Amino acid sequence: MEKKSLSSAGQVARILNYINGEFVAAGSGKTFENRSPVDARLLGLVSEAGEAEVDAAVKAARAALVGPWGALEMAERTELLYAVANEINRRFDAFLQAEVADTGKPVSLAKHIDIPRGAANFKIFADVVKNVPSEFFQMATPDKKGAINYAIRVPRGVIAVIAPWNLPLLLMTWKVGPALACGNTVVVKPSEETPATATLLGEVMNAVGVPKGVYNVIHGFGPGSAGELLTRHPGIDAVTFTGETRTGAAIMKAVADRVRPVSFELGGKNAGVVFADCDFDAAVEGMGRAVFANCGQVCLGTERVYVERPIFDKFVAALKAKAEGFKLGRPEDAATGMGPLISQEHRAKVLSYYERARKEGASVVTGGGVPKMEGDLANGCWVEPTIWTGLPEDSAVVREEIFGPCCHVRPFDTEAEAVRLANDTQYGLATTIWTTNLARAHRVAAQIEVGISWVNCWFLRDLRTPFGGSKQSGIGREGGVHSLEFYTELRNVCVKL
Ligand code: NAD
Ligand code: 6OD
């Protein structure tokens with residue numbers, strides 16, 4: 001049994017699984033490489049969990065559920081979650097360094113979003129569970145004495161949490177926070193691209209005294225590896241997943257035989273709608289973030305931009321200037337505004353859309369290729385921020401999620417046309433609408449078929465609000481009390497008086 005999460009063998013870090021409070025290497029000895037997307041340097045060797053480790057993690061989670069974790073009062077449980085949040089903040093720099101190394105995202109971004117939200121996700125849900133009233137109904141009975149009904153919430157059990165790589169700590173804790181607050185235990189499978197912060201969180205759990213087995217981490221890939229082994233394990237009571245829509249479909253099939261519930265936050269091809277009456281500078285700034293933040297690797301980001309014709313040319317020119325203003329570089333450099341994509345594989349996918357757009361006759365407003373990077377940065381997963389116009393709406397570039405720093409911009413003439421274009425997609429995650437006409441803002445927001453509409457802003461998050469996707473962008477809502485719908489079960493008790 002290893003005691004440290006990120007131990008060293010020579011110069012290369014070893015990232016271990018975290019099972020029942022211990023950092024453990026897989027019995028098979030299998031490892032996979034974790035490389036930097038910035039310059040391809042080897043960051044570490046990750047221990048790949050096999051059947052034995054997945055089984056041990058699920059059993060540890062079950063034992064903690066019926067044992068020490070289940071025995072805690074809610075107040076004791078929530079105190080531990082506040083302590084987790086505080087400890088993440090105390091170790092802020094270690095989390096920041098690990099997240100930036102794995103993702104290549106600018107330090108400035110991770111410092112203001114990823115790590116603070118990693119801590120906040122524990123605090124907010126500890127607050128939420130303490131403030132949820134119960135249902136209560138009085139009913140009449142033939143003997144006139146009546147009866148009362150009340151509902152109690154119980155944890156669902158052992159939750160499988162499967163997380164993506166784009167906001168690793170933020171999106172993983174967005175699931176782990178409410179799951180633990182509701183009294184469940186978890187087995188987490190972080191993305192193979194970004195294993196470090198999930199493992200570091202194990203050190204936090206040990207430091208603050210969360211009982212062994214409450215939080216477990218198994219590393220590996222999806223199909224045929226730790227991800228699939230976890231979703232097929234009979235000891236799992238529910239699966240919460242964030243990632244691609246087709247992965248969600250595979251997970252749904254895997255749990256179908258055992259009829260387990262799922263909560264899915266999936267892909268998107270989000271539309272931004274900019275009306276001519278918008279605050280122009282604010283719209284350019286907001287849309288610039290919606291398209292390019294995190295190198296376009298945000299599920300809520302915008303890849304389809306619809307702009308009302310009178311300001312179309314001016315808007316495209318302003319967005320172009322925004323795209324060309326990003327300095328690509330090392331995450332630690334304060335001037336860096338954009339990092340690389342996550343992997344060479346993802347870069348090849350994004351570049352295939354760049355190529356396709358060219359072949360289909362798009363006007364390339366800016367970018368469309370690979371930037372020239374100096375020294376060992378040339379080994380990284382860089383692409384140019386890119387804007388196209390002139391593609392038909394049925395182009396794959398306009399219909400499929402690319403998940404890169406790019407967008408297609410198209411003019412519209414009427415509000416109804418803008419709504420129709422925005423809704424012409426199999427996805428339904430988010431939209432961002434820019435207008436100073438209040439009535440129009442409410443009208444359009446009500447018509448666009450998405451789970452999250454932002455008006456004159458983007459990615460402004462209040463964690464008490466419902467979050468999730470319509471159509472093929474997801475199943476269910478999480479956030480605030482809505483998370484309780486998934487992470488607890490209601491039991492009704494009827495008492496005859
Ligand atoms: P992905 O679906 O490839 O992988 C996500 C996770 O699932 C990884 O941990 C992976 O190992 C695992 N996995 C893959 N196949 C599996 C299988 N068959 N069984 C079990 N686990 C499996 O997604 P990604 O590339 O890591 O993330 C990018 C995608 O995530 C984009 O489509 C993006 O839109 C989506 N996303 C959605 C949201 C949201 O809130 N809706 C948030 C972030 C990312
Ligand atoms: O802010 C959140 O809670 C959340 N789930 C964000 C998702 C971002 C997608 O990339």
# chains A, B, ... in the order shown; residues from 1 in each chain; ligands from 1
>>> residues_near_ligand(ligand="ligand 2", cutoff="8 Å", atoms="only C-alpha atoms and all ligand atoms", output="count of residues only")
17
>>> residues_around(residues="range 445-447 of chain A", least_positions_apart="4", cutoff="8 Å", atoms="only C-alpha atoms", output="PyMOL selection string")
chain A and resi 419+433+441+453-455
>>> select_by_dssp(residues="range 212-272 of chain A", states="alpha helix (DSSP H)", output="PyMOL selection string")
chain A and resi 226-232+245-256
>>> write_last_selection(atoms="all heavy atoms", output="tab-separated table (two decimals), in the first residue's frame")
chain	number	residue	atom	x	y	z
A	226	ALA	N	-11.38	1.21	-16.63
A	226	ALA	CA	-12.01	1.53	-15.34
A	226	ALA	C	-13.41	2.14	-15.48
A	226	ALA	O	-14.31	1.83	-14.68
A	226	ALA	CB	-11.11	2.48	-14.57
A	227	GLY	N	-13.61	2.97	-16.51
A	227	GLY	CA	-14.92	3.63	-16.68
A	227	GLY	C	-16.02	2.60	-16.90
A	227	GLY	O	-17.03	2.59	-16.20
A	228	GLU	N	-15.80	1.73	-17.87
A	228	GLU	CA	-16.83	0.74	-18.17
A	228	GLU	C	-16.98	-0.26	-17.01
A	228	GLU	O	-18.10	-0.64	-16.64
A	228	GLU	CB	-16.51	0.00	-19.47
A	228	GLU	CG	-17.64	-0.93	-19.87
A	228	GLU	CD	-17.40	-1.67	-21.19
A	228	GLU	OE1	-16.42	-1.36	-21.88
A	228	GLU	OE2	-18.22	-2.55	-21.49
A	229	LEU	N	-15.84	-0.65	-16.42
A	229	LEU	CA	-15.91	-1.60	-15.29
A	229	LEU	C	-16.76	-1.01	-14.17
A	229	LEU	O	-17.55	-1.71	-13.53
A	229	LEU	CB	-14.50	-1.90	-14.76
A	229	LEU	CG	-13.62	-2.77	-15.66
A	229	LEU	CD1	-12.18	-2.78	-15.15
A	229	LEU	CD2	-14.18	-4.19	-15.75
A	230	LEU	N	-16.62	0.29	-13.96
A	230	LEU	CA	-17.39	0.93	-12.88
A	230	LEU	C	-18.88	0.96	-13.20
A	230	LEU	O	-19.71	0.61	-12.35
A	230	LEU	CB	-16.86	2.36	-12.66
A	230	LEU	CG	-17.53	3.17	-11.56
A	230	LEU	CD1	-17.40	2.49	-10.20
A	230	LEU	CD2	-16.92	4.58	-11.48
A	231	THR	N	-19.21	1.36	-14.42
A	231	THR	CA	-20.65	1.48	-14.74
A	231	THR	C	-21.32	0.10	-14.78
A	231	THR	O	-22.52	-0.01	-14.58
A	231	THR	CB	-20.88	2.19	-16.09
A	231	THR	OG1	-20.19	1.48	-17.11
A	231	THR	CG2	-20.43	3.63	-16.04
A	232	ARG	N	-20.55	-0.95	-15.04
A	232	ARG	CA	-21.13	-2.30	-15.09
A	232	ARG	C	-21.10	-2.99	-13.73
A	232	ARG	O	-21.61	-4.10	-13.58
A	232	ARG	CB	-20.38	-3.17	-16.11
A	232	ARG	CG	-20.61	-2.70	-17.54
A	232	ARG	CD	-20.25	-3.75	-18.57
A	232	ARG	NE	-20.48	-3.23	-19.91
A	232	ARG	CZ	-21.66	-3.18	-20.52
A	232	ARG	NH1	-22.73	-3.63	-19.89
A	232	ARG	NH2	-21.78	-2.68	-21.74
A	245	THR	N	-22.02	13.18	-25.57
A	245	THR	CA	-23.34	12.56	-25.68
A	245	THR	C	-23.24	11.07	-26.01
A	245	THR	O	-23.93	10.24	-25.42
A	245	THR	CB	-24.16	13.31	-26.75
A	245	THR	OG1	-24.35	14.65	-26.27
A	245	THR	CG2	-25.51	12.67	-26.99
A	246	ARG	N	-22.33	10.71	-26.92
A	246	ARG	CA	-22.28	9.28	-27.29
A	246	ARG	C	-21.73	8.43	-26.14
A	246	ARG	O	-22.06	7.25	-26.02
A	246	ARG	CB	-21.54	9.07	-28.60
A	246	ARG	CG	-20.12	9.38	-28.53
A	246	ARG	CD	-19.32	8.95	-29.72
A	246	ARG	NE	-18.01	9.50	-29.41
A	246	ARG	CZ	-17.16	9.95	-30.29
A	246	ARG	NH1	-17.45	9.90	-31.53
A	246	ARG	NH2	-16.02	10.44	-29.91
A	247	THR	N	-20.89	9.02	-25.29
A	247	THR	CA	-20.44	8.27	-24.10
A	247	THR	C	-21.61	8.06	-23.16
A	247	THR	O	-21.78	7.00	-22.56
A	247	THR	CB	-19.30	9.01	-23.37
A	247	THR	OG1	-18.31	9.38	-24.32
A	247	THR	CG2	-18.69	8.17	-22.28
A	248	GLY	N	-22.45	9.11	-23.04
A	248	GLY	CA	-23.65	8.99	-22.21
A	248	GLY	C	-24.52	7.84	-22.68
A	248	GLY	O	-25.04	7.05	-21.89
A	249	ALA	N	-24.65	7.71	-24.02
A	249	ALA	CA	-25.48	6.63	-24.56
A	249	ALA	C	-24.88	5.27	-24.18
A	249	ALA	O	-25.61	4.33	-23.81
A	249	ALA	CB	-25.58	6.78	-26.08
A	250	ALA	N	-23.55	5.15	-24.24
A	250	ALA	CA	-22.89	3.87	-23.89
A	250	ALA	C	-23.11	3.56	-22.41
A	250	ALA	O	-23.38	2.41	-22.04
A	250	ALA	CB	-21.40	3.95	-24.21
A	251	ILE	N	-23.04	4.59	-21.57
A	251	ILE	CA	-23.22	4.36	-20.13
A	251	ILE	C	-24.66	3.96	-19.84
A	251	ILE	O	-24.93	3.07	-19.02
A	251	ILE	CB	-22.80	5.63	-19.35
A	251	ILE	CG1	-21.28	5.80	-19.44
A	251	ILE	CG2	-23.25	5.55	-17.88
A	251	ILE	CD1	-20.73	7.06	-18.82
A	252	MET	N	-25.59	4.59	-20.54
A	252	MET	CA	-27.00	4.25	-20.34
A	252	MET	C	-27.24	2.76	-20.65
A	252	MET	O	-27.95	2.08	-19.92
A	252	MET	CB	-27.84	5.11	-21.27
A	252	MET	CG	-29.16	5.47	-20.71
A	252	MET	SD	-29.79	6.83	-21.67
A	252	MET	CE	-31.33	7.04	-20.84
A	253	LYS	N	-26.62	2.29	-21.72
A	253	LYS	CA	-26.77	0.86	-22.06
A	253	LYS	C	-26.15	0.00	-20.97
A	253	LYS	O	-26.70	-1.03	-20.60
A	253	LYS	CB	-26.08	0.57	-23.40
A	253	LYS	CG	-26.88	1.10	-24.58
A	253	LYS	CD	-26.20	0.79	-25.90
A	253	LYS	CE	-26.82	1.63	-27.01
A	253	LYS	NZ	-25.86	2.15	-27.95
A	254	ALA	N	-25.00	0.44	-20.46
A	254	ALA	CA	-24.30	-0.38	-19.46
A	254	ALA	C	-25.12	-0.54	-18.18
A	254	ALA	O	-25.04	-1.57	-17.52
A	254	ALA	CB	-22.94	0.25	-19.14
A	255	VAL	N	-25.90	0.47	-17.82
A	255	VAL	CA	-26.65	0.38	-16.55
A	255	VAL	C	-28.08	-0.10	-16.76
A	255	VAL	O	-28.80	-0.33	-15.80
A	255	VAL	CB	-26.67	1.73	-15.77
A	255	VAL	CG1	-25.27	2.19	-15.45
A	255	VAL	CG2	-27.43	2.81	-16.53
A	256	ALA	N	-28.47	-0.26	-18.05
A	256	ALA	CA	-29.88	-0.57	-18.34
A	256	ALA	C	-30.33	-1.88	-17.71
A	256	ALA	O	-31.43	-1.97	-17.16
A	256	ALA	CB	-30.12	-0.60	-19.85
>>> residues_around(residues="range 480-492 of chain A", least_positions_apart="6", cutoff="9 Å", atoms="only C-alpha atoms", output="PyMOL selection string")
chain A and resi 124-125+128-129+132+135+149-157+159+175+178-184+238+240+261-263+462-467
>>> atom_distance(atom1="CA of Thr197 in chain A", atom2="CA of Ile236 in chain A")
23.0 Å
>>> atom_distance(atom1="CA of Pro211 in chain A", atom2="CA of Thr78 in chain A")
13.1 Å
>>> closest_residue(among="A:Pro371, A:Gly288, A:Pro331, A:Gly474", to="Gln97 in chain A", atoms="only C-alpha atoms")
A:Pro331
>>> residues_around(residues="range 40-56 of chain A", least_positions_apart="6", cutoff="7 Å", atoms="only C-alpha atoms", output="PDB file with N, CA and C atoms, in the first residue's frame")
ATOM      1  N   VAL A  12       9.890  10.729 -12.362  1.00  0.00           N
ATOM      2  CA  VAL A  12       8.526  10.706 -12.893  1.00  0.00           C
ATOM      3  C   VAL A  12       7.509  10.466 -11.771  1.00  0.00           C
ATOM      4  N   ALA A  13       6.524  11.359 -11.667  1.00  0.00           N
ATOM      5  CA  ALA A  13       5.503  11.211 -10.625  1.00  0.00           C
ATOM      6  C   ALA A  13       4.646   9.989 -10.908  1.00  0.00           C
ATOM      7  N   ARG A  14       4.178   9.347  -9.868  1.00  0.00           N
ATOM      8  CA  ARG A  14       3.244   8.226 -10.033  1.00  0.00           C
ATOM      9  C   ARG A  14       1.915   8.645  -9.437  1.00  0.00           C
ATOM     10  N   ILE A  15       0.890   8.541 -10.220  1.00  0.00           N
ATOM     11  CA  ILE A  15      -0.436   8.942  -9.763  1.00  0.00           C
ATOM     12  C   ILE A  15      -1.220   7.674  -9.476  1.00  0.00           C
ATOM     13  N   LEU A  16      -1.640   7.574  -8.221  1.00  0.00           N
ATOM     14  CA  LEU A  16      -2.211   6.311  -7.755  1.00  0.00           C
ATOM     15  C   LEU A  16      -3.721   6.388  -7.588  1.00  0.00           C
ATOM     16  N   ASN A  17      -4.323   5.224  -7.512  1.00  0.00           N
ATOM     17  CA  ASN A  17      -5.748   5.151  -7.174  1.00  0.00           C
ATOM     18  C   ASN A  17      -5.887   5.454  -5.685  1.00  0.00           C
ATOM     19  N   ALA A  25      -1.422   1.336  -5.927  1.00  0.00           N
ATOM     20  CA  ALA A  25      -1.119   1.005  -7.321  1.00  0.00           C
ATOM     21  C   ALA A  25      -1.955  -0.204  -7.707  1.00  0.00           C
ATOM     22  N   ALA A  26      -2.315  -0.301  -8.981  1.00  0.00           N
ATOM     23  CA  ALA A  26      -3.084  -1.462  -9.446  1.00  0.00           C
ATOM     24  C   ALA A  26      -2.240  -2.730  -9.289  1.00  0.00           C
ATOM     25  N   LYS A  30      -0.198  -2.178 -14.199  1.00  0.00           N
ATOM     26  CA  LYS A  30      -0.410  -1.402 -15.440  1.00  0.00           C
ATOM     27  C   LYS A  30      -0.417   0.098 -15.167  1.00  0.00           C
ATOM     28  N   THR A  31       0.256   0.845 -16.021  1.00  0.00           N
ATOM     29  CA  THR A  31       0.243   2.301 -15.918  1.00  0.00           C
ATOM     30  C   THR A  31       0.021   2.901 -17.309  1.00  0.00           C
ATOM     31  N   PHE A  32      -0.399   4.151 -17.330  1.00  0.00           N
ATOM     32  CA  PHE A  32      -0.418   4.875 -18.606  1.00  0.00           C
ATOM     33  C   PHE A  32       0.206   6.242 -18.382  1.00  0.00           C
ATOM     34  N   GLU A  33       0.650   6.821 -19.492  1.00  0.00           N
ATOM     35  CA  GLU A  33       1.384   8.091 -19.388  1.00  0.00           C
ATOM     36  C   GLU A  33       0.438   9.272 -19.290  1.00  0.00           C
ATOM     37  N   ASN A  34       0.825  10.247 -18.489  1.00  0.00           N
ATOM     38  CA  ASN A  34       0.114  11.522 -18.429  1.00  0.00           C
ATOM     39  C   ASN A  34       1.085  12.573 -18.968  1.00  0.00           C
ATOM     40  N   ILE A 218     -10.646   5.804  -8.921  1.00  0.00           N
ATOM     41  CA  ILE A 218      -9.993   4.776  -9.739  1.00  0.00           C
ATOM     42  C   ILE A 218      -9.612   5.426 -11.074  1.00  0.00           C
ATOM     43  N   HIS A 219      -8.420   5.142 -11.527  1.00  0.00           N
ATOM     44  CA  HIS A 219      -7.942   5.759 -12.770  1.00  0.00           C
ATOM     45  C   HIS A 219      -8.044   4.781 -13.938  1.00  0.00           C
ATOM     46  N   GLY A 220      -8.185   5.357 -15.121  1.00  0.00           N
ATOM     47  CA  GLY A 220      -8.207   4.527 -16.322  1.00  0.00           C
ATOM     48  C   GLY A 220      -8.982   5.199 -17.425  1.00  0.00           C
ATOM     49  N   SER A 225     -12.098  -0.415 -19.794  1.00  0.00           N
ATOM     50  CA  SER A 225     -11.183  -0.005 -18.727  1.00  0.00           C
ATOM     51  C   SER A 225     -12.007   0.428 -17.507  1.00  0.00           C
ATOM     52  N   ALA A 226     -11.384   1.207 -16.634  1.00  0.00           N
ATOM     53  CA  ALA A 226     -12.012   1.525 -15.341  1.00  0.00           C
ATOM     54  C   ALA A 226     -13.411   2.137 -15.478  1.00  0.00           C
ATOM     55  N   LEU A 229     -15.836  -0.654 -16.419  1.00  0.00           N
ATOM     56  CA  LEU A 229     -15.912  -1.598 -15.288  1.00  0.00           C
ATOM     57  C   LEU A 229     -16.763  -1.011 -14.170  1.00  0.00           C
ATOM     58  N   LEU A 230     -16.620   0.287 -13.958  1.00  0.00           N
ATOM     59  CA  LEU A 230     -17.389   0.932 -12.882  1.00  0.00           C
ATOM     60  C   LEU A 230     -18.884   0.955 -13.199  1.00  0.00           C
ATOM     61  N   ASN A 379       5.789  21.094 -29.554  1.00  0.00           N
ATOM     62  CA  ASN A 379       5.266  19.727 -29.347  1.00  0.00           C
ATOM     63  C   ASN A 379       3.861  19.719 -28.747  1.00  0.00           C
ATOM     64  N   GLY A 380       3.331  20.913 -28.433  1.00  0.00           N
ATOM     65  CA  GLY A 380       2.041  20.988 -27.743  1.00  0.00           C
ATOM     66  C   GLY A 380       0.861  20.904 -28.704  1.00  0.00           C
TER      67      GLY A 380
END
>>> closest_residue(among="A:Arg289, A:Arg440, A:Arg90, A:Lys144", to="Lys322 in chain A", atoms="only C-alpha atoms")
A:Arg289
